[in-house]
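Have a look at entry-v3.pdb below; it lists PDB, C-alpha atoms, pLDDT in the B column.
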```
MODEL        1
ATOM      1  CA  GLU A 828     170.630 168.296 187.398  1.00 49.00           C
ATOM      2  CA  ASP A 829     171.165 164.949 185.703  1.00 50.00           C
ATOM      3  CA  ASN A 830     169.295 162.331 187.754  1.00 70.00           C
ATOM      4  CA  SER A 831     170.627 159.468 185.656  1.00 90.00           C
ATOM      5  CA  ILE A 832     173.958 159.534 187.558  1.00 93.00           C
ATOM      6  CA  VAL A 833     173.846 158.406 191.181  1.00 95.00           C
ATOM      7  CA  PRO A 834     176.839 158.646 193.526  1.00 95.00           C
ATOM      8  CA  THR A 835     177.967 155.620 195.508  1.00 96.00           C
ATOM      9  CA  PRO A 836     178.704 155.896 199.233  1.00 96.00           C
ATOM     10  CA  ILE A 837     182.428 155.682 198.403  1.00 95.00           C
ATOM     11  CA  LYS A 838     183.740 159.140 197.532  1.00 94.00           C
ATOM     12  CA  GLN A 839     186.964 157.751 196.050  1.00 94.00           C
ATOM     13  CA  ILE A 840     185.005 155.662 193.536  1.00 93.00           C
ATOM     14  CA  ASN A 841     182.842 158.656 192.653  1.00 95.00           C
ATOM     15  CA  ARG A 842     185.970 160.740 191.987  1.00 93.00           C
ATOM     16  CA  LEU A 843     187.353 158.042 189.679  1.00 93.00           C
ATOM     17  CA  THR A 844     184.303 158.204 187.443  1.00 90.00           C
ATOM     18  CA  ASN A 845     184.022 161.148 185.099  1.00 86.00           C
ATOM     19  CA  ALA A 846     180.441 161.786 186.233  1.00 90.00           C
ATOM     20  CA  GLY A 847     180.685 161.566 190.036  1.00 92.00           C
ATOM     21  CA  GLY A 848     178.935 158.218 190.281  1.00 94.00           C
ATOM     22  CA  TYR A 849     177.362 155.544 188.129  1.00 94.00           C
ATOM     23  CA  ALA A 850     174.328 155.524 185.889  1.00 94.00           C
ATOM     24  CA  LYS A 851     171.028 154.613 187.495  1.00 95.00           C
ATOM     25  CA  GLY A 852     170.503 150.859 187.225  1.00 95.00           C
ATOM     26  CA  SER A 853     174.225 150.037 187.075  1.00 95.00           C
ATOM     27  CA  ILE A 854     175.367 146.650 188.303  1.00 96.00           C
ATOM     28  CA  MET A 855     178.655 146.685 190.194  1.00 96.00           C
ATOM     29  CA  VAL A 856     180.505 143.460 190.976  1.00 96.00           C
ATOM     30  CA  ILE A 857     183.126 143.036 193.689  1.00 95.00           C
ATOM     31  CA  LEU A 858     185.563 140.359 192.534  1.00 94.00           C
ATOM     32  CA  ASP A 859     188.073 138.523 194.713  1.00 93.00           C
ATOM     33  CA  LYS A 860     189.049 135.098 195.957  1.00 92.00           C
ATOM     34  CA  PRO A 861     186.878 133.271 198.524  1.00 88.00           C
ATOM     35  CA  LYS A 862     186.970 134.624 202.116  1.00 88.00           C
ATOM     36  CA  LYS A 863     188.430 138.014 201.142  1.00 92.00           C
ATOM     37  CA  PHE A 864     185.826 140.350 202.773  1.00 91.00           C
ATOM     38  CA  LYS A 865     183.473 140.624 199.776  1.00 93.00           C
ATOM     39  CA  THR A 866     180.387 140.237 201.990  1.00 91.00           C
ATOM     40  CA  GLY A 867     181.929 142.709 204.434  1.00 91.00           C
ATOM     41  CA  MET A 868     182.304 145.187 201.590  1.00 94.00           C
ATOM     42  CA  LEU A 869     178.652 144.682 200.632  1.00 95.00           C
ATOM     43  CA  LEU A 870     177.659 145.303 204.272  1.00 94.00           C
ATOM     44  CA  ASN A 871     179.702 148.502 204.367  1.00 94.00           C
ATOM     45  CA  LEU A 872     178.084 149.627 201.110  1.00 96.00           C
ATOM     46  CA  ALA A 873     174.625 148.992 202.581  1.00 96.00           C
ATOM     47  CA  ILE A 874     175.462 151.106 205.618  1.00 95.00           C
ATOM     48  CA  GLY A 875     176.929 153.800 203.379  1.00 96.00           C
ATOM     49  CA  TYR A 876     173.729 153.954 201.347  1.00 97.00           C
ATOM     50  CA  MET A 877     171.716 154.154 204.573  1.00 95.00           C
ATOM     51  CA  LYS A 878     173.797 157.181 205.544  1.00 94.00           C
ATOM     52  CA  MET A 879     172.790 158.628 202.159  1.00 96.00           C
ATOM     53  CA  ARG A 880     169.134 158.138 203.213  1.00 96.00           C
ATOM     54  CA  LYS A 881     168.520 155.276 200.801  1.00 97.00           C
ATOM     55  CA  ARG A 882     166.361 152.199 201.228  1.00 97.00           C
ATOM     56  CA  VAL A 883     168.457 149.046 200.789  1.00 97.00           C
ATOM     57  CA  LEU A 884     167.340 145.476 200.162  1.00 97.00           C
ATOM     58  CA  ILE A 885     169.898 142.719 200.627  1.00 97.00           C
ATOM     59  CA  ILE A 886     169.098 139.391 199.000  1.00 97.00           C
ATOM     60  CA  ASP A 887     171.277 136.818 200.695  1.00 95.00           C
ATOM     61  CA  LEU A 888     171.830 133.513 198.942  1.00 94.00           C
ATOM     62  CA  GLU A 889     174.513 132.035 201.175  1.00 87.00           C
ATOM     63  CA  ASN A 890     174.937 133.465 204.696  1.00 85.00           C
ATOM     64  CA  GLY A 891     171.564 133.621 206.458  1.00 84.00           C
ATOM     65  CA  GLU A 892     169.526 136.603 207.661  1.00 87.00           C
ATOM     66  CA  ASP A 893     170.577 136.325 211.300  1.00 88.00           C
ATOM     67  CA  GLU A 894     174.288 136.213 210.459  1.00 88.00           C
ATOM     68  CA  TYR A 895     173.929 139.120 208.051  1.00 89.00           C
ATOM     69  CA  MET A 896     172.001 141.256 210.524  1.00 90.00           C
ATOM     70  CA  ALA A 897     174.434 140.467 213.341  1.00 91.00           C
ATOM     71  CA  ARG A 898     177.312 141.696 211.174  1.00 92.00           C
ATOM     72  CA  ILE A 899     175.382 144.834 210.208  1.00 92.00           C
ATOM     73  CA  GLU A 900     174.480 145.538 213.845  1.00 93.00           C
ATOM     74  CA  GLN A 901     178.122 145.073 214.837  1.00 93.00           C
ATOM     75  CA  SER A 902     179.249 147.549 212.226  1.00 91.00           C
ATOM     76  CA  LEU A 903     176.509 150.102 212.914  1.00 90.00           C
ATOM     77  CA  THR A 904     177.153 150.188 216.659  1.00 91.00           C
ATOM     78  CA  ASN A 905     180.848 149.334 216.806  1.00 92.00           C
ATOM     79  CA  SER A 906     179.969 146.387 219.048  1.00 92.00           C
ATOM     80  CA  THR A 907     181.476 142.935 219.370  1.00 92.00           C
ATOM     81  CA  LYS A 908     179.709 139.871 218.059  1.00 91.00           C
ATOM     82  CA  LEU A 909     179.333 138.672 221.653  1.00 93.00           C
ATOM     83  CA  ASP A 910     177.554 141.939 222.575  1.00 94.00           C
ATOM     84  CA  ILE A 911     175.145 141.407 219.668  1.00 92.00           C
ATOM     85  CA  ILE A 912     174.511 137.712 220.401  1.00 91.00           C
ATOM     86  CA  THR A 913     173.971 138.196 224.142  1.00 92.00           C
ATOM     87  CA  GLY A 914     171.734 141.223 223.646  1.00 91.00           C
ATOM     88  CA  GLU A 915     174.112 143.614 225.458  1.00 93.00           C
ATOM     89  CA  ALA A 916     174.002 145.969 222.458  1.00 93.00           C
ATOM     90  CA  ASP A 917     170.234 145.746 221.842  1.00 93.00           C
ATOM     91  CA  GLN A 918     169.401 149.266 223.026  1.00 94.00           C
ATOM     92  CA  LYS A 919     172.275 150.739 221.051  1.00 94.00           C
ATOM     93  CA  VAL A 920     171.198 148.818 217.927  1.00 93.00           C
ATOM     94  CA  GLN A 921     167.549 149.870 218.278  1.00 93.00           C
ATOM     95  CA  LYS A 922     168.490 153.508 218.817  1.00 93.00           C
ATOM     96  CA  THR A 923     170.768 153.501 215.750  1.00 92.00           C
ATOM     97  CA  LEU A 924     168.187 151.804 213.503  1.00 91.00           C
ATOM     98  CA  ARG A 925     165.476 154.246 214.679  1.00 91.00           C
ATOM     99  CA  LYS A 926     167.764 157.145 213.775  1.00 92.00           C
ATOM    100  CA  TYR A 927     168.283 155.811 210.244  1.00 92.00           C
ATOM    101  CA  LYS A 928     164.568 155.145 209.822  1.00 91.00           C
ATOM    102  CA  ARG A 929     163.792 158.731 210.900  1.00 92.00           C
ATOM    103  CA  LEU A 930     166.183 159.909 208.187  1.00 92.00           C
ATOM    104  CA  GLY A 931     164.257 157.873 205.597  1.00 92.00           C
ATOM    105  CA  SER A 932     166.671 154.951 205.399  1.00 94.00           C
ATOM    106  CA  GLU A 933     165.581 151.359 205.504  1.00 92.00           C
ATOM    107  CA  LEU A 934     167.538 148.108 205.470  1.00 94.00           C
ATOM    108  CA  VAL A 935     165.934 144.743 204.871  1.00 94.00           C
ATOM    109  CA  VAL A 936     167.806 141.431 204.607  1.00 95.00           C
ATOM    110  CA  ILE A 937     166.025 138.444 203.090  1.00 95.00           C
ATOM    111  CA  ARG A 938     167.514 134.969 202.734  1.00 96.00           C
ATOM    112  CA  LEU A 939     166.392 133.122 199.594  1.00 96.00           C
ATOM    113  CA  PRO A 940     167.398 129.667 198.330  1.00 96.00           C
ATOM    114  CA  ALA A 941     170.459 129.550 196.083  1.00 94.00           C
ATOM    115  CA  LEU A 942     170.087 128.388 192.463  1.00 93.00           C
ATOM    116  CA  LYS A 943     166.288 128.226 192.825  1.00 94.00           C
ATOM    117  CA  THR A 944     165.704 131.969 193.216  1.00 97.00           C
ATOM    118  CA  THR A 945     165.557 133.955 189.966  1.00 97.00           C
ATOM    119  CA  GLY A 946     165.428 137.591 189.004  1.00 97.00           C
ATOM    120  CA  ASN A 947     161.678 137.132 188.503  1.00 97.00           C
ATOM    121  CA  ASP A 948     161.364 135.992 192.128  1.00 98.00           C
ATOM    122  CA  ILE A 949     163.211 139.095 193.330  1.00 98.00           C
ATOM    123  CA  SER A 950     161.066 141.274 191.064  1.00 98.00           C
ATOM    124  CA  ARG A 951     157.886 139.789 192.545  1.00 98.00           C
ATOM    125  CA  LEU A 952     159.279 140.352 196.038  1.00 98.00           C
ATOM    126  CA  LEU A 953     160.045 144.014 195.244  1.00 98.00           C
ATOM    127  CA  THR A 954     156.559 144.510 193.798  1.00 98.00           C
ATOM    128  CA  SER A 955     154.923 142.824 196.789  1.00 97.00           C
ATOM    129  CA  MET A 956     156.889 144.854 199.336  1.00 97.00           C
ATOM    130  CA  GLY A 957     156.022 148.033 197.455  1.00 97.00           C
ATOM    131  CA  ASN A 958     152.316 147.274 197.120  1.00 97.00           C
ATOM    132  CA  GLU A 959     151.741 145.751 200.557  1.00 97.00           C
ATOM    133  CA  LEU A 960     154.195 147.670 202.750  1.00 95.00           C
ATOM    134  CA  GLY A 961     154.894 150.826 200.764  1.00 95.00           C
ATOM    135  CA  LEU A 962     158.594 149.883 200.755  1.00 95.00           C
ATOM    136  CA  TYR A 963     160.291 150.909 197.520  1.00 96.00           C
ATOM    137  CA  PHE A 964     163.998 150.181 197.513  1.00 98.00           C
ATOM    138  CA  GLN A 965     166.619 152.312 195.795  1.00 97.00           C
ATOM    139  CA  VAL A 966     169.577 149.962 196.245  1.00 98.00           C
ATOM    140  CA  LEU A 967     169.664 146.211 195.762  1.00 98.00           C
ATOM    141  CA  ILE A 968     172.501 144.028 196.999  1.00 97.00           C
ATOM    142  CA  VAL A 969     172.568 140.377 195.915  1.00 97.00           C
ATOM    143  CA  ASP A 970     175.071 138.234 197.774  1.00 94.00           C
ATOM    144  CA  TYR A 971     175.866 136.751 195.361  1.00 88.00           C
ATOM    145  CA  ALA A 972     174.388 136.854 191.857  1.00 95.00           C
ATOM    146  CA  ALA A 973     176.233 133.775 190.555  1.00 94.00           C
ATOM    147  CA  LEU A 974     174.027 131.721 192.906  1.00 94.00           C
ATOM    148  CA  LEU A 975     170.808 132.908 191.232  1.00 96.00           C
ATOM    149  CA  GLY A 976     168.923 130.766 188.761  1.00 95.00           C
ATOM    150  CA  SER A 977     168.131 132.311 185.397  1.00 93.00           C
ATOM    151  CA  ASN A 978     164.617 133.398 184.464  1.00 94.00           C
ATOM    152  CA  ASN A 979     164.860 131.091 181.418  1.00 93.00           C
ATOM    153  CA  ASN A 980     165.910 128.055 183.495  1.00 91.00           C
ATOM    154  CA  ILE A 981     169.344 127.803 181.832  1.00 91.00           C
ATOM    155  CA  LYS A 982     171.385 125.111 183.575  1.00 89.00           C
ATOM    156  CA  GLU A 983     174.881 125.364 182.006  1.00 94.00           C
ATOM    157  CA  GLU A 984     176.824 127.503 184.497  1.00 91.00           C
ATOM    158  CA  THR A 985     178.487 130.065 182.212  1.00 92.00           C
ATOM    159  CA  GLU A 986     175.327 130.691 180.204  1.00 95.00           C
ATOM    160  CA  ARG A 987     173.201 130.776 183.378  1.00 94.00           C
ATOM    161  CA  ILE A 988     175.407 133.379 185.045  1.00 94.00           C
ATOM    162  CA  GLY A 989     175.412 135.537 181.899  1.00 94.00           C
ATOM    163  CA  ALA A 990     171.627 135.313 181.743  1.00 96.00           C
ATOM    164  CA  VAL A 991     171.349 136.182 185.457  1.00 97.00           C
ATOM    165  CA  TYR A 992     173.159 139.485 184.915  1.00 96.00           C
ATOM    166  CA  LEU A 993     170.789 140.347 182.059  1.00 96.00           C
ATOM    167  CA  ASP A 994     167.845 139.412 184.299  1.00 97.00           C
ATOM    168  CA  LEU A 995     169.200 141.694 187.046  1.00 97.00           C
ATOM    169  CA  ALA A 996     169.760 144.586 184.623  1.00 96.00           C
ATOM    170  CA  ASN A 997     166.133 144.303 183.501  1.00 97.00           C
ATOM    171  CA  LEU A 998     164.975 144.095 187.128  1.00 97.00           C
ATOM    172  CA  ALA A 999     166.945 147.235 188.050  1.00 97.00           C
ATOM    173  CA  LYS A1000     165.339 149.154 185.201  1.00 96.00           C
ATOM    174  CA  GLU A1001     161.830 147.853 185.931  1.00 97.00           C
ATOM    175  CA  HIS A1002     162.031 148.764 189.644  1.00 97.00           C
ATOM    176  CA  ASP A1003     163.959 152.037 189.231  1.00 96.00           C
ATOM    177  CA  ILE A1004     166.921 150.761 191.284  1.00 97.00           C
ATOM    178  CA  ASP A1005     169.763 153.279 191.661  1.00 97.00           C
ATOM    179  CA  HIS A1006     172.535 150.683 191.984  1.00 97.00           C
ATOM    180  CA  LEU A1007     172.721 146.923 192.184  1.00 98.00           C
ATOM    181  CA  TRP A1008     175.789 145.424 193.896  1.00 98.00           C
ATOM    182  CA  THR A1009     176.943 141.844 194.019  1.00 97.00           C
ATOM    183  CA  ALA A1010     180.135 139.880 194.646  1.00 94.00           C
ATOM    184  CA  ASN A1011     181.755 136.964 192.889  1.00 90.00           C
ATOM    185  CA  HIS A1012     184.879 134.790 192.982  1.00 85.00           C
TER     186      HIS A1012
ENDMDL
END
```
Here is the file; what I need is its structure written in the form of structure tokens.
Amino acid sequence: EDNSIVPTPIKQINRLTNAGGYAKGSIMVILDKPKKFKTGMLLNLAIGYMKMRKRVLIIDLENGEDEYMARIEQSLTNSTKLDIITGEADQKVQKTLRKYKRLGSELVVIRLPALKTTGNDISRLLTSMGNELGLYFQVLIVDYAALLGSNNNIKEETERIGAVYLDLANLAKEHDIDHLWTANH
């Protein structure tokens, strides 16, 4: 068995690759215009990885933890936003999250400041969560990587974004991340 290839939660994508998935540490980018469901796709990917019994960390640089979690809870329980906000779906949400945790899945959403957060900051966070909580993530979702600062403090946008992707590739290798997903315009 070749452990360097890891399937995604999307069977159609896996079939399109000649290996049934992507190499461990791959960075996948969802590209589209603003407000075209890129964050929704990232949420669906996170849930798909949870169904695969993976531990997922979402680094949010633009939406907010509460908004992200509300959308995830809606999707997981097929509830309305009003049900989530008013607490009507709380028992359903807790039951569903307990089920995933029993299966070995974990989902953590952390909001970090845009353009100030770097790959080094995320790396330190991953190390800290591993050492202090025993949480080692297999999938990392960064929404979205173009809002990260570079480890080398590059300010010019094109160079900074290029450097950010190199920083993330190094981070994925260092922390043994299966897949890293992000979105961009």
**OP:** For the structure shown, which residues end up in the PyMOL selection byres ((chain A and resi 899) around 12)? Put them as a ChimeraX atom specification, please?
**Re:** /A:866-875,877,885,892-898,900-908,911,920,923-924,934-936
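Atom to atom, atom CA of Gln965 of chain A and atom CA of Arg929 of chain A stand 16.7 Å apart.
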Counting only C-alpha atoms, what are the residues of segment 854-878 of chain A within 9 Å of segment 991-1007 of chain A, and for each of them which pair of atoms is the nearest and at what distance in Å, to one decimal? Sort the table by chain and rising number, as a tab-separated table.
```
residue	atom	partner	partner_atom	distance
A:Ile854	CA	A:Leu1007	CA	4.7
A:Met855	CA	A:Leu1007	CA	6.3
A:Val856	CA	A:Leu1007	CA	8.6
```
Please put the answer as AutoDock Vina command-line options: centre and edge lengths, in Å with one decimal, of a box along x, y and z that encloses all listed atoms of segment 919-923 of chain A plus 8 Å on each side.
```
--center_x 169.9 --center_y 151.2 --center_z 218.4 --size_x 20.7 --size_y 20.7 --size_z 21.3
```
Original post:
Which is closest to Ser977 of chain A among A:Lys922, A:His1012, A:Lys943, A:Lys865, if we use only C-alpha atoms?
Top reply: A:Lys943
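Of note, atom CA of Lys878 of chain A and atom CA of Ser950 of chain A are spaced 25.0 Å apart.
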**OP:** Could you tell me which residues the PyMOL selection byres ((chain A and resi 836) around 8) grabs in this file, written as JSON, numbers by chain?
**Re:** {"A": [834, 835, 837, 838, 872, 875, 876, 879]}
**OP:** Name the residues within 6 Å of (168.4, 130.4, 189.9), counting only C-alpha atoms in the file's coordinates, and put them as a PyMOL selection string.
**Re:** chain A and resi 942-945+975-977
Subject >> Residues in the PyMOL selection byres ((chain A and resi 832) around 12), expressed as a VMD selection string >> reply: chain A and resid 828 to 831 833 to 835 841 844 to 853 1004 to 1006
Could you write segment 837-857 of chain A as a PDB file, in the frame of the given file, with N, CA, C and O atoms rebuilt where they are missing?
```pdb
ATOM      1  N   ILE A 837     180.962 155.647 198.341  1.00 95.00           N
ATOM      2  CA  ILE A 837     182.428 155.682 198.403  1.00 95.00           C
ATOM      3  C   ILE A 837     182.922 156.854 197.551  1.00 95.00           C
ATOM      4  O   ILE A 837     182.925 156.792 196.323  1.00 95.00           O
ATOM      5  N   LYS A 838     183.330 157.908 198.216  1.00 94.00           N
ATOM      6  CA  LYS A 838     183.740 159.140 197.532  1.00 94.00           C
ATOM      7  C   LYS A 838     184.894 158.905 196.559  1.00 94.00           C
ATOM      8  O   LYS A 838     184.940 159.504 195.484  1.00 94.00           O
ATOM      9  N   GLN A 839     185.820 158.020 196.916  1.00 94.00           N
ATOM     10  CA  GLN A 839     186.964 157.751 196.050  1.00 94.00           C
ATOM     11  C   GLN A 839     186.511 157.138 194.722  1.00 94.00           C
ATOM     12  O   GLN A 839     187.051 157.468 193.672  1.00 94.00           O
ATOM     13  N   ILE A 840     185.538 156.246 194.769  1.00 93.00           N
ATOM     14  CA  ILE A 840     185.005 155.662 193.536  1.00 93.00           C
ATOM     15  C   ILE A 840     184.310 156.736 192.715  1.00 93.00           C
ATOM     16  O   ILE A 840     184.486 156.812 191.495  1.00 93.00           O
ATOM     17  N   ASN A 841     183.541 157.587 193.366  1.00 95.00           N
ATOM     18  CA  ASN A 841     182.842 158.656 192.653  1.00 95.00           C
ATOM     19  C   ASN A 841     183.829 159.582 191.944  1.00 95.00           C
ATOM     20  O   ASN A 841     183.579 160.020 190.824  1.00 95.00           O
ATOM     21  N   ARG A 842     184.957 159.872 192.604  1.00 93.00           N
ATOM     22  CA  ARG A 842     185.970 160.740 191.987  1.00 93.00           C
ATOM     23  C   ARG A 842     186.623 160.072 190.784  1.00 93.00           C
ATOM     24  O   ARG A 842     187.058 160.755 189.857  1.00 93.00           O
ATOM     25  N   LEU A 843     186.724 158.752 190.800  1.00 93.00           N
ATOM     26  CA  LEU A 843     187.353 158.042 189.679  1.00 93.00           C
ATOM     27  C   LEU A 843     186.475 158.020 188.428  1.00 93.00           C
ATOM     28  O   LEU A 843     186.987 157.853 187.332  1.00 93.00           O
ATOM     29  N   THR A 844     185.183 158.155 188.614  1.00 90.00           N
ATOM     30  CA  THR A 844     184.303 158.204 187.443  1.00 90.00           C
ATOM     31  C   THR A 844     184.306 159.629 186.910  1.00 90.00           C
ATOM     32  O   THR A 844     184.576 160.576 187.639  1.00 90.00           O
ATOM     33  N   ASN A 845     184.014 159.790 185.649  1.00 86.00           N
ATOM     34  CA  ASN A 845     184.022 161.148 185.099  1.00 86.00           C
ATOM     35  C   ASN A 845     182.690 161.848 185.314  1.00 86.00           C
ATOM     36  O   ASN A 845     182.510 162.976 184.878  1.00 86.00           O
ATOM     37  N   ALA A 846     181.759 161.187 186.011  1.00 90.00           N
ATOM     38  CA  ALA A 846     180.441 161.786 186.233  1.00 90.00           C
ATOM     39  C   ALA A 846     180.097 161.944 187.715  1.00 90.00           C
ATOM     40  O   ALA A 846     179.052 162.460 188.052  1.00 90.00           O
ATOM     41  N   GLY A 847     180.960 161.450 188.604  1.00 92.00           N
ATOM     42  CA  GLY A 847     180.685 161.566 190.036  1.00 92.00           C
ATOM     43  C   GLY A 847     179.835 160.441 190.589  1.00 92.00           C
ATOM     44  O   GLY A 847     179.289 160.540 191.681  1.00 92.00           O
ATOM     45  N   GLY A 848     179.734 159.367 189.860  1.00 94.00           N
ATOM     46  CA  GLY A 848     178.935 158.218 190.281  1.00 94.00           C
ATOM     47  C   GLY A 848     178.687 157.318 189.085  1.00 94.00           C
ATOM     48  O   GLY A 848     179.374 157.428 188.064  1.00 94.00           O
ATOM     49  N   TYR A 849     177.697 156.468 189.210  1.00 94.00           N
ATOM     50  CA  TYR A 849     177.362 155.544 188.129  1.00 94.00           C
ATOM     51  C   TYR A 849     175.928 155.768 187.674  1.00 94.00           C
ATOM     52  O   TYR A 849     175.085 156.253 188.429  1.00 94.00           O
ATOM     53  N   ALA A 850     175.667 155.375 186.452  1.00 94.00           N
ATOM     54  CA  ALA A 850     174.328 155.524 185.889  1.00 94.00           C
ATOM     55  C   ALA A 850     173.323 154.735 186.709  1.00 94.00           C
ATOM     56  O   ALA A 850     173.629 153.662 187.244  1.00 94.00           O
ATOM     57  N   LYS A 851     172.136 155.288 186.802  1.00 95.00           N
ATOM     58  CA  LYS A 851     171.028 154.613 187.495  1.00 95.00           C
ATOM     59  C   LYS A 851     170.846 153.233 186.867  1.00 95.00           C
ATOM     60  O   LYS A 851     170.870 153.087 185.659  1.00 95.00           O
ATOM     61  N   GLY A 852     170.695 152.224 187.700  1.00 95.00           N
ATOM     62  CA  GLY A 852     170.503 150.859 187.225  1.00 95.00           C
ATOM     63  C   GLY A 852     171.795 150.094 186.987  1.00 95.00           C
ATOM     64  O   GLY A 852     171.760 148.939 186.574  1.00 95.00           O
ATOM     65  N   SER A 853     172.941 150.714 187.284  1.00 95.00           N
ATOM     66  CA  SER A 853     174.225 150.037 187.075  1.00 95.00           C
ATOM     67  C   SER A 853     174.365 148.844 188.008  1.00 95.00           C
ATOM     68  O   SER A 853     173.893 148.866 189.143  1.00 95.00           O
ATOM     69  N   ILE A 854     175.034 147.820 187.493  1.00 96.00           N
ATOM     70  CA  ILE A 854     175.367 146.650 188.303  1.00 96.00           C
ATOM     71  C   ILE A 854     176.862 146.689 188.553  1.00 96.00           C
ATOM     72  O   ILE A 854     177.652 146.736 187.614  1.00 96.00           O
ATOM     73  N   MET A 855     177.253 146.689 189.819  1.00 96.00           N
ATOM     74  CA  MET A 855     178.655 146.685 190.194  1.00 96.00           C
ATOM     75  C   MET A 855     178.970 145.347 190.869  1.00 96.00           C
ATOM     76  O   MET A 855     178.209 144.878 191.705  1.00 96.00           O
ATOM     77  N   VAL A 856     180.108 144.771 190.472  1.00 96.00           N
ATOM     78  CA  VAL A 856     180.505 143.460 190.976  1.00 96.00           C
ATOM     79  C   VAL A 856     181.839 143.590 191.699  1.00 96.00           C
ATOM     80  O   VAL A 856     182.792 144.136 191.152  1.00 96.00           O
ATOM     81  N   ILE A 857     181.882 143.096 192.920  1.00 95.00           N
ATOM     82  CA  ILE A 857     183.126 143.036 193.689  1.00 95.00           C
ATOM     83  C   ILE A 857     183.714 141.651 193.436  1.00 95.00           C
ATOM     84  O   ILE A 857     183.082 140.641 193.752  1.00 95.00           O
TER      85      ILE A 857
END
```
